[in-house]
file my_file06.txt (compact mmCIF, C-alpha atoms)
# COMPACT_ATOMS: atom_id res chain seq x y z
CA MET A 1132 -37.55 -14.15 -9.53
CA ARG A 1133 -38.30 -10.41 -9.38
CA CYS A 1134 -37.19 -10.22 -5.74
CA LEU A 1135 -33.86 -11.80 -6.62
CA ARG A 1136 -33.26 -9.22 -9.33
CA LYS A 1137 -33.99 -6.35 -6.96
CA LEU A 1138 -31.76 -7.85 -4.30
CA HIS A 1139 -28.96 -8.40 -6.79
CA ARG A 1140 -29.28 -4.83 -8.06
CA ARG A 1141 -29.27 -3.42 -4.52
CA CYS A 1142 -26.19 -5.43 -3.53
CA ARG A 1143 -24.35 -4.49 -6.68
CA THR A 1144 -24.91 -0.73 -6.29
CA GLY A 1145 -24.22 -0.76 -2.54
CA GLU A 1146 -20.59 -1.75 -3.12
CA ARG A 1147 -19.57 1.22 -5.26
CA GLY A 1148 -18.01 3.30 -2.48
CA MET A 1149 -16.14 0.42 -0.91
CA THR A 1150 -13.31 0.41 -3.40
CA THR A 1151 -12.64 4.10 -2.83
CA ALA A 1152 -12.53 3.58 0.93
CA GLU A 1153 -10.20 0.61 0.53
CA TYR A 1154 -7.85 2.65 -1.65
CA ALA A 1155 -7.88 5.46 0.93
CA VAL A 1156 -6.98 3.09 3.77
CA GLY A 1157 -4.28 1.46 1.66
CA THR A 1158 -2.82 4.84 0.73
CA LEU A 1159 -2.73 5.95 4.37
CA ALA A 1160 -1.05 2.70 5.39
CA ALA A 1161 1.56 3.06 2.64
CA CYS A 1162 2.30 6.65 3.67
CA GLY A 1163 2.67 5.60 7.30
CA PHE A 1164 5.02 2.78 6.35
CA ALA A 1165 7.06 5.16 4.16
CA ALA A 1166 7.39 7.63 7.04
CA VAL A 1167 8.61 4.91 9.42
CA LEU A 1168 11.02 3.57 6.81
CA TYR A 1169 12.39 7.08 6.17
CA LYS A 1170 13.00 7.60 9.90
CA VAL A 1171 14.80 4.27 10.18
CA VAL A 1172 16.99 4.79 7.12
CA THR A 1173 17.96 8.35 8.11
CA SER A 1174 18.85 7.37 11.68
CA GLY A 1175 22.51 7.57 12.67
CA ALA A 1176 23.15 3.85 13.12
CA VAL A 1177 21.59 2.79 9.82
CA SER A 1178 23.18 5.66 7.93
CA SER A 1179 26.68 4.78 9.15
CA ALA A 1180 26.11 1.09 8.44
CA LEU A 1181 24.99 1.85 4.87
CA SER A 1182 27.92 4.17 4.21
CA GLY A 1183 30.32 1.54 5.60
CA LEU A 1184 28.80 -1.06 3.32
CA ILE A 1185 29.14 1.22 0.30
CA LYS A 1186 32.77 2.03 1.16
CA ARG A 1187 33.62 -1.67 1.44
CA ALA A 1188 31.92 -2.38 -1.88
CA LEU A 1189 33.85 0.40 -3.63
CA ASP A 1190 37.19 -0.66 -2.15
CA VAL A 1191 37.07 -4.12 -3.74
CA ALA A 1192 40.13 -4.79 -5.91
CA PHE A 1193 39.45 -6.08 -9.41
call {"tool": "encode", "arguments": {"input": "my_file06.txt", "output": "structure tokens"}}
result
Amino acid sequence: MRCLRKLHRRCRTGERGMTTAEYAVGTLAACGFAAVLYKVVTSGAVSSALSGLIKRALDVAF
């Protein structure tokens, strides 16, 4: 019984840094995705397509 308590205590305290590392990896992945998305949205083809879409939406007769 004592060994199980020590093992449980060791496993429980060994996981403390994992959540910080997981948040760091998730933050880096989100920043990378945001950078790629920014490059795609600011490219010439996507920018002209978006402005064409907005112009068509604003030209709708009521």
call {"tool": "axis_aligned_box", "arguments": {"input": "my_file06.txt", "around": "region 1165-1171 of chain A", "padding_each_side": "8 Å", "output": "AutoDock Vina command-line options"}}
result
--center_x 10.9 --center_y 5.6 --center_z 7.2 --size_x 23.7 --size_y 20.1 --size_z 22.0
call {"tool": "atom_distance", "arguments": {"input": "my_file06.txt", "atom1": "CA of Lys1186 (chain A)", "atom2": "CA of Val1171 (chain A)"}}
result
20.2 Å
call {"tool": "atom_distance", "arguments": {"input": "my_file06.txt", "atom1": "CA of Val1172 (chain A)", "atom2": "CA of Arg1187 (chain A)"}}
result
18.7 Å
call {"tool": "atom_distance", "arguments": {"input": "my_file06.txt", "atom1": "CA of Arg1136 (chain A)", "atom2": "CA of Thr1151 (chain A)"}}
result
25.4 Å
